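Q: Shown below is the structure under consideration.
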Amino acid sequence: MQERERTVLSGWLMLPVAILLVLAMPAALIKGILAESIPWIVLAILLAPFDFLMIWGFFTLQPNEARVLVLFGRYVGTVRKDGFHWTNPFSVHRGGLGVQTQEKQAQVVAKPSKYRVSLRARNFETQTLKVNDQRGNPIDIGAVVVWRVADTAKALFDVDEYEHYVKVQSETAVRHLANSYPYDHSQDSPGNELTLRHGDAISDALARELQDRLSRAGVRVEEARLTHLAYAAEIAGTMLRRQQAEAIIAARQKIVHGAVSMVEMALNELSEKRVVELDEERKAAMVGNLLVVLCGETAAEPVINAGTLYH
């Protein structure tokens, strides 16, 4: 199904015609009774259904609202222009849109009997889902989706209850996204690896997947973002300690690298300026002392040598 925009008559133009027909029926009936004329009475009787049909053809649309017209089971078009309109009364269906009793909600969702569709942007927030990421770690994840109906014909006729379809497909897309990416970097992962913690890139990936899934229902995804992302409770403590250990190791690597560079610079400066001549054993001792000072957790307490260099 593809949406076709339908042009209908203005309700304000047809309103005087409807009023004239409504007034013509009692006028013809009164004239027929007073004149004892059967044709006028028959005309009054024939005008009654036309009056009813004329009134039945009026409808109004608010901004960002559409009306899908179906004539004897055939889709004839969609009215998107807001205002007061009139169209073929047989193509204007009355009744509630998706109105369901509690008994029906527990069963299959019924088709709507009134084809009035809101074109406004809507929010849908998924439940917090427990799934496994790409590495098999259980995580809790949730998302919010901003969407609107773009094709009313697809929304009403290609899927059964498009709002329910959006809900199910959104949760399915979030699950698939969580399975496709790791939660965070690991020690053996490449530096450019995309993880669930990359907010904008993951949001774009989620929006693209949702659009692919929801295009069948004529829905356009305006925005999709993760609202909740965390390790599941059973492994949260363990993964936190792992992250702390990785952070400590990374910090130590930088400290050691900087300390070695500083020791190398100190030895080179002493050698080039001939401040003092050290044999290999004394150089090793000096390197050890400097590394202790530079890499230690607490401030070092120096021991002053008041004797010679070797005592």
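Within each chain, counting starts at residue 1; across the structure tokens, chains are named A, B, ... in the order shown, with ligands numbered 1 upward in that order.
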Run DSSP on the backbone and give me the residues of region 65-265 of chain A it puts in helix (DSSP H, G or I), as a VMD selection string.
A: chain A and resid 89 to 91 102 to 105 152 to 157 162 to 180 199 to 217 233 to 265
Q: With DSSP run on the backbone, what are the strand (DSSP E) residues within region 11-227 of chain A? I'd like them as a PyMOL selection string.
A: chain A and resi 58-61+65-71+74-79+83-86+116-118+122-125+129-132+138-149+219-227
Q: Applying 9 Å and only C-alpha atoms, which residues near region 45-56 of chain A remain after dropping the ones on its own chain fewer than 5 positions away? List them as an NGL selection string.
A: :A and (14-15 or 17-19 or 21-22 or 24-25 or 28-29 or 40 or 86-90 or 92)
Q: When distances are computed from only C-alpha atoms, which of A:Trp147, A:Phe84, A:Phe157, A:Phe124 shows the smallest separation from Glu3 (chain A)?
A: A:Phe157
Q: Would you please work out which residue, of A:Asp133, A:Glu5, A:Glu36, A:Glu277, is nearest to Ser180 (chain A) when using only C-alpha atoms?
A: A:Asp133
